[in-house]
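Containing compact mmCIF, C-alpha atoms: structure-v1.txt.
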```
# COMPACT_ATOMS: atom_id res chain seq x y z
CA LEU A 1170 59.78 27.73 -22.73
CA ASP A 1171 60.57 25.65 -19.63
CA TRP A 1172 61.05 28.92 -17.74
CA ALA A 1173 57.68 30.17 -19.02
CA ALA A 1174 56.01 26.90 -18.02
CA SER A 1175 57.43 27.25 -14.51
CA GLN A 1176 56.17 30.83 -14.28
CA SER A 1177 52.71 29.79 -15.43
CA SER A 1178 52.60 26.88 -12.98
CA LYS A 1179 53.71 29.17 -10.18
CA GLY A 1180 50.97 31.64 -11.13
CA ASN A 1181 48.34 28.90 -10.96
CA SER A 1182 49.65 27.72 -7.58
CA LEU A 1183 49.60 31.26 -6.19
CA SER A 1184 46.08 31.77 -7.48
CA ASP A 1185 44.98 28.55 -5.75
CA LEU A 1186 46.76 29.59 -2.56
CA ALA A 1187 44.98 32.96 -2.58
CA GLU A 1188 41.65 31.14 -2.22
CA LEU A 1189 42.74 30.15 1.29
CA LEU A 1190 43.83 33.65 2.32
CA LYS A 1191 42.07 36.86 3.27
CA GLY A 1192 42.65 40.61 3.17
CA THR A 1193 46.08 41.96 2.28
CA GLU A 1194 47.65 38.51 2.03
CA ARG A 1195 45.09 37.45 -0.54
CA LEU A 1196 45.55 40.68 -2.50
CA LYS A 1197 49.35 40.37 -2.63
CA THR A 1198 49.21 36.69 -3.57
CA LEU A 1199 46.87 37.38 -6.48
CA GLN A 1200 49.08 40.23 -7.66
CA ALA A 1201 52.08 37.89 -7.51
CA ALA A 1202 50.16 35.31 -9.56
CA ILE A 1203 49.38 37.87 -12.26
CA ALA A 1204 53.03 38.92 -12.33
CA CYS A 1205 53.94 35.27 -12.99
CA PHE A 1206 51.45 35.02 -15.85
CA ASN A 1207 52.83 38.23 -17.36
CA MET A 1208 56.34 36.82 -17.17
CA ALA A 1209 55.20 33.60 -18.83
CA LEU A 1210 53.53 35.57 -21.63
CA LEU A 1211 56.87 37.21 -22.47
CA GLU A 1212 57.92 33.83 -23.87
CA ARG A 1213 54.57 32.17 -24.50
CA ARG A 1214 53.74 34.36 -27.47
CA HIS A 1215 50.80 33.61 -29.74
CA GLU A 1216 52.93 33.02 -32.80
CA VAL A 1217 55.41 30.77 -30.95
CA SER A 1218 53.25 28.67 -28.61
CA PRO A 1219 49.59 29.42 -29.36
CA GLY A 1220 48.07 26.72 -27.14
CA ASN A 1221 50.11 27.62 -24.07
CA TRP A 1222 49.60 31.32 -24.78
CA ALA A 1223 45.82 30.86 -24.78
CA LYS A 1224 45.95 28.75 -21.62
CA THR A 1225 47.95 31.42 -19.80
CA GLN A 1226 45.63 34.18 -21.01
CA ASN A 1227 42.66 32.30 -19.56
CA SER A 1228 44.43 31.71 -16.24
CA LYS A 1229 45.37 35.38 -16.06
CA GLY A 1230 41.78 36.41 -16.81
CA VAL A 1231 40.39 34.23 -14.01
CA THR A 1232 42.96 35.61 -11.55
CA LEU A 1233 42.21 39.19 -12.56
CA ARG A 1234 38.57 38.55 -11.78
CA HIS A 1235 39.44 37.34 -8.27
CA LEU A 1236 41.69 40.34 -7.74
CA ALA A 1237 39.06 42.79 -8.98
CA ARG A 1238 36.72 41.77 -6.18
CA LEU A 1239 39.21 43.16 -3.65
CA LEU A 1240 39.54 46.60 -5.26
CA GLU A 1241 37.61 49.87 -5.32
CA VAL A 1242 35.02 50.43 -8.05
CA VAL A 1243 37.19 52.28 -10.57
CA GLU A 1244 40.09 49.83 -10.29
CA GLN A 1245 37.64 46.95 -10.24
CA ARG A 1246 36.11 48.04 -13.53
CA GLU A 1247 39.52 48.37 -15.18
CA MET A 1248 40.62 44.97 -13.87
CA LEU A 1249 37.48 43.26 -15.18
CA GLN A 1250 37.90 44.88 -18.59
CA GLU A 1251 41.47 43.56 -18.66
CA ALA A 1252 40.17 40.10 -17.76
CA ILE A 1253 37.71 40.22 -20.67
CA ALA A 1254 40.59 41.16 -22.98
CA CYS A 1255 42.45 38.05 -21.75
CA PHE A 1256 39.48 35.81 -22.53
CA ASP A 1257 39.03 37.40 -25.95
CA ALA A 1258 42.72 36.75 -26.59
CA ALA A 1259 42.34 33.10 -25.57
CA LEU A 1260 39.36 32.76 -27.92
CA LEU A 1261 41.60 33.74 -30.84
CA GLU A 1262 43.19 30.32 -30.39
CA TYR A 1263 40.45 28.26 -28.77
CA HIS A 1264 37.81 27.54 -31.42
CA ARG A 1265 34.77 25.35 -30.94
CA GLU A 1266 35.70 23.25 -33.97
CA ASP A 1267 39.10 22.09 -32.74
CA ALA A 1268 39.14 22.80 -28.97
CA PRO A 1269 35.48 22.61 -27.88
CA VAL A 1270 36.06 22.05 -24.15
CA ASP A 1271 38.61 24.86 -23.82
CA TRP A 1272 36.40 27.13 -25.92
CA ALA A 1273 33.41 26.45 -23.66
CA MET A 1274 35.51 27.02 -20.53
CA VAL A 1275 36.67 30.44 -21.71
CA GLN A 1276 33.15 31.39 -22.82
CA SER A 1277 31.85 30.51 -19.36
CA ASN A 1278 34.64 32.45 -17.63
CA LYS A 1279 33.99 35.46 -19.86
CA GLY A 1280 30.28 35.31 -19.05
CA VAL A 1281 30.99 35.49 -15.32
CA VAL A 1282 33.25 38.53 -15.74
CA LEU A 1283 30.77 40.31 -18.00
CA SER A 1284 28.16 39.75 -15.28
CA ASP A 1285 30.52 41.19 -12.65
CA LEU A 1286 31.24 44.20 -14.84
CA ALA A 1287 27.52 44.81 -15.46
CA GLU A 1288 27.04 45.41 -11.73
CA LEU A 1289 29.44 48.36 -11.92
CA LEU A 1290 27.78 50.09 -14.88
CA GLU A 1291 24.96 52.56 -15.18
CA VAL A 1292 21.56 51.13 -16.06
CA SER A 1293 21.91 52.13 -19.72
CA GLY A 1294 25.01 49.97 -20.20
CA ARG A 1295 24.06 47.17 -17.84
CA THR A 1296 21.42 45.56 -20.08
CA GLU A 1297 23.78 45.16 -23.02
CA MET A 1298 26.51 43.72 -20.77
CA LEU A 1299 24.12 41.20 -19.19
CA GLN A 1300 22.86 40.12 -22.60
CA ALA A 1301 26.47 39.57 -23.68
CA ALA A 1302 27.02 37.44 -20.58
CA ILE A 1303 23.98 35.29 -21.43
CA ALA A 1304 25.32 34.82 -24.95
CA CYS A 1305 28.56 33.50 -23.45
CA PHE A 1306 26.76 31.01 -21.22
CA ASP A 1307 24.59 29.89 -24.14
CA ALA A 1308 27.77 29.32 -26.13
CA ALA A 1309 29.34 27.32 -23.29
CA LEU A 1310 26.20 25.19 -23.00
CA LEU A 1311 26.59 24.11 -26.61
CA GLU A 1312 29.50 21.97 -25.37
CA TYR A 1313 28.75 21.61 -21.66
CA ARG A 1314 26.04 18.96 -21.78
CA LEU A 1315 24.48 17.21 -18.82
CA ASP A 1316 25.50 13.75 -19.97
CA LEU A 1317 29.13 14.67 -20.66
CA ALA A 1318 30.10 17.41 -18.19
CA PRO A 1319 27.38 17.63 -15.51
CA ILE A 1320 29.23 19.95 -13.10
CA ASP A 1321 30.28 22.42 -15.80
CA TRP A 1322 26.77 22.25 -17.28
CA ALA A 1323 25.14 22.92 -13.91
CA LEU A 1324 27.48 25.82 -13.13
CA ALA A 1325 26.77 27.44 -16.49
CA GLN A 1326 23.03 26.98 -15.94
CA SER A 1327 23.25 28.52 -12.48
CA ASN A 1328 25.31 31.46 -13.71
CA LYS A 1329 22.94 32.02 -16.62
CA GLY A 1330 20.01 31.95 -14.20
CA ASN A 1331 21.66 34.58 -12.02
CA VAL A 1332 22.23 36.86 -15.00
CA LEU A 1333 18.64 36.43 -16.16
CA CYS A 1334 17.53 37.46 -12.67
CA ASP A 1335 19.68 40.58 -12.91
CA LEU A 1336 18.29 41.33 -16.35
CA ALA A 1337 14.73 40.89 -15.07
CA GLN A 1338 15.34 43.62 -12.50
CA LEU A 1339 15.86 46.04 -15.39
CA ALA A 1340 12.66 45.01 -17.21
CA GLU A 1341 8.97 45.55 -16.55
CA GLY A 1342 5.67 43.83 -17.14
CA VAL A 1343 5.55 40.77 -19.38
CA ALA A 1344 9.25 40.99 -20.22
CA ARG A 1345 10.15 40.88 -16.54
CA GLU A 1346 7.92 37.85 -15.94
CA ARG A 1347 9.37 36.05 -18.95
CA LEU A 1348 12.94 36.65 -17.81
CA LEU A 1349 12.19 35.46 -14.27
CA HIS A 1350 10.53 32.34 -15.66
CA SER A 1351 13.62 31.63 -17.78
CA ALA A 1352 15.86 32.26 -14.77
CA ILE A 1353 13.92 29.78 -12.64
CA SER A 1354 14.17 27.19 -15.42
CA CYS A 1355 17.97 27.56 -15.43
CA ILE A 1356 18.14 27.38 -11.63
CA ASP A 1357 15.94 24.28 -11.59
CA ALA A 1358 18.19 22.68 -14.20
CA SER A 1359 21.29 23.36 -12.11
CA LEU A 1360 19.61 21.85 -9.05
CA THR A 1361 19.31 18.50 -10.80
CA VAL A 1362 23.08 18.30 -10.30
CA TYR A 1363 23.56 20.51 -7.24
CA THR A 1364 21.34 18.33 -5.10
CA ARG A 1365 20.95 18.63 -1.35
CA GLU A 1366 22.37 15.15 -0.88
CA VAL A 1367 25.53 15.53 -2.98
CA PHE A 1368 26.28 19.27 -2.95
CA PRO A 1369 24.49 20.68 0.13
CA ALA A 1370 26.52 23.93 0.24
CA ASP A 1371 25.87 24.76 -3.44
CA HIS A 1372 22.25 23.65 -3.09
CA ARG A 1373 21.83 26.02 -0.14
CA ARG A 1374 23.50 28.95 -1.92
CA ILE A 1375 21.53 28.62 -5.15
CA THR A 1376 18.10 28.04 -3.63
CA GLN A 1377 18.52 30.77 -1.03
CA ALA A 1378 19.49 33.31 -3.69
CA ILE A 1379 16.50 32.60 -5.95
CA GLY A 1380 14.18 32.36 -2.95
CA MET A 1381 15.21 35.79 -1.67
CA LEU A 1382 14.74 37.28 -5.14
CA LEU A 1383 11.25 35.82 -5.39
CA PHE A 1384 10.52 37.23 -1.93
CA LYS A 1385 11.28 40.71 -3.25
CA GLU A 1386 8.99 40.00 -6.21
CA GLY A 1387 6.15 39.07 -3.85
CA ASP A 1388 5.83 35.60 -5.38
CA TRP A 1389 4.95 34.01 -2.05
CA LYS A 1390 4.19 30.48 -3.23
CA ASN A 1391 7.49 30.03 -5.06
CA THR A 1392 9.34 31.90 -2.31
CA ALA A 1393 8.09 29.38 0.24
CA GLN A 1394 9.09 26.51 -2.03
CA TYR A 1395 12.63 27.72 -2.68
CA LEU A 1396 13.38 29.00 0.84
CA THR A 1397 12.40 25.66 2.32
CA MET A 1398 15.21 24.02 0.32
CA PRO A 1399 18.16 25.99 1.78
CA LEU A 1400 16.75 25.58 5.27
CA ASP A 1401 16.80 21.80 4.83
CA ALA A 1402 20.32 21.98 3.39
CA LEU A 1403 21.47 24.10 6.35
CA ASP A 1404 20.28 21.35 8.68
CA ASP A 1405 22.48 18.89 6.79
CA LEU A 1406 25.49 21.24 6.78
CA PHE A 1407 25.06 21.96 10.48
CA THR A 1408 25.11 18.24 11.23
CA LEU A 1409 28.23 17.71 9.11
CA GLU A 1410 30.19 20.40 10.98
CA ALA A 1411 32.32 18.91 13.75
CA THR A 1412 33.24 22.14 15.59
CA ILE A 1413 31.24 24.81 17.38
CA ARG A 1414 32.85 27.51 15.24
CA GLY A 1415 31.93 25.65 12.08
CA ARG A 1416 28.32 25.28 13.20
CA GLN A 1417 28.15 28.97 14.07
CA ALA A 1418 29.48 29.86 10.61
CA THR A 1419 26.88 27.59 9.03
CA LEU A 1420 24.07 29.30 10.90
CA ILE A 1421 25.36 32.73 9.85
CA THR A 1422 25.16 31.76 6.16
CA GLY A 1423 21.43 31.28 6.64
CA GLY A 1424 20.97 34.90 7.68
CA ASP A 1425 17.33 35.71 8.36
CA LEU A 1426 16.19 32.87 6.12
CA THR A 1427 13.73 31.49 8.67
CA ALA A 1428 12.00 34.85 9.12
CA HIS A 1429 11.60 35.32 5.36
CA LEU A 1430 10.25 31.80 4.95
CA ALA A 1431 7.79 32.29 7.82
CA TYR A 1432 6.52 35.54 6.30
CA ALA A 1433 6.11 33.92 2.87
CA LEU A 1434 4.17 31.03 4.40
CA VAL A 1435 1.86 33.49 6.18
CA ARG A 1436 1.27 35.34 2.91
CA VAL A 1437 0.58 32.06 1.08
CA GLY A 1438 -1.97 31.18 3.75
CA GLY A 1439 -3.50 34.63 3.49
CA THR A 1440 -3.98 34.38 -0.28
CA SER A 1441 -5.41 30.87 -0.25
CA HIS A 1442 -8.72 31.83 1.38
```

Before anything else, please render the file you have as structure tokens.
Amino acid sequence: LDWAASQSSKGNSLSDLAELLKGTERLKTLQAAIACFNMALLERRHEVSPGNWAKTQNSKGVTLRHLARLLEVVEQREMLQEAIACFDAALLEYHREDAPVDWAMVQSNKGVVLSDLAELLEVSGRTEMLQAAIACFDAALLEYRLDLAPIDWALAQSNKGNVLCDLAQLAEGVARERLLHSAISCIDASLTVYTREVFPADHRRITQAIGMLLFKEGDWKNTAQYLTMPLDALDDLFTLEATIRGRQATLITGGDLTAHLAYALVRVGGTSH
């Protein structure tokens, strides 16, 4: 079991290292991490070491998700399905009653992968997959509470909001409006933790994403509100960057944010007369 523990630790270290790499190096490092987890699972069997087995299954599932993002569509779909199988395996051992935090963590991870997989499916299968993802986030939020685990709670709220936005794109009429309203509620909840002052990068990412979606919906008032937030956060991030390259990268993340905000403000002015 010491050998298996070393393999699992090595897999986690390689997965962390991959976050700092790009291209082929990142791909090979993630593949090496998965190989380590597979080696560990040869000894960390469910019947022998159930807790460690579940932990390794979850780590493997997370790494498979990162690897999938580097692959072509067919391989990506297969990799994400394998990741879901890993999370389902972990949930055989992690139950809410006796391991609530671990259970919530795996539910949240599974929700993210289901959301990724939904993007690769035809419209007919996408709705069901997105609804399953929301169910996972709702489960995670039973244990991830604002007063006990604010970061985990905010991340689950943000991820749920994103999935609700995706689901709204598949709906029409009143159902679409209801889903968008629910999505905004989740996003707003996450922003109580991901504030401009404490988490400017996350604040920028979240508000820019919902603002751009609302722009496509033609909701000019809310678009103006949400696109003002990332612009303010970009000012903060730009100031925090010490190098010219860093400041250039910060500006690039804003894309054509200013142009979209200006257009929304014009449309708000045009509808207020």

Neighbours of stretch 1287-1301 of chain A within 9 Å (only C-alpha atoms; same-chain residues fewer than 3 positions away dropped), as number ranges by chain? A: 1242-1243, 1245-1246, 1280, 1282-1284, 1304-1306, 1332-1333, 1335-1336, 1339

Spatial neighbours of A:Ser1177, max dist 8 Å, only C-alpha atoms, sep filter under 6 positions, as a PyMOL selection string: chain A and resi 1205-1206+1209+1225

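Atom pair atom CA of A:Ala1393 / atom CA of A:Gly1423: separated by 14.9 Å.
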
A:Ala1428 proximity check over A:Met1274, A:Ala1358, A:Ala1259, A:Leu1396, using all atoms listed in the file: winner is A:Leu1396

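For the residues A:Lys1390, A:Arg1414, A:Lys1329, A:Arg1234, ranking by smallest atom-to-atom distance to A:Ala1431 using only C-alpha atoms places A:Lys1390 first.
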
Between A:Ala1402, A:Leu1211, A:Met1381, A:Ile1353, which residue has the minimum interatomic distance to A:Arg1365, considering only C-alpha atoms? A:Ala1402

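In this structure, atom CA of A:Trp1322 sits 6.5 Å away from atom CA of A:Leu1310.
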
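Within 8 Å of A:Gln1200, once all atoms listed in the file are used and residues closer than 4 positions along the same chain are dropped, the contacting residues are Leu1196, Ala1204 and Leu1236 of chain A.
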
Within 12 Å of A:Arg1195, counting only C-alpha atoms, which residues show up once you throw out same-chain ones fewer than 5 positions away? Write them as number ranges by chain, please. A: 1183-1190, 1200-1202, 1232, 1235-1240

Counting all atoms listed in the file, select every polymer residue within 12 Å of (24.2, 28.5, 11.9) as defined in the file's coordinates, and provide the selection as a VMD selection string. chain A and resid 1400 1402 to 1410 1412 to 1427

Got a sec: who's within 6 Å of A:Arg1373, counting all atoms listed in the file, leaving out chain neighbours fewer than 4 positions off, as a list in words? Pro1369, Gln1377, Pro1399 and Ala1402 of chain A

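A straight line drawn from atom CA of A:Met1248 to atom CA of A:Ser1277 is 17.8 Å long.
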
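If all atoms listed in the file are the atoms counted, then among A:His1372, A:His1350, A:Lys1279, A:Arg1213 the closest residue to A:Ser1175 is A:Arg1213.
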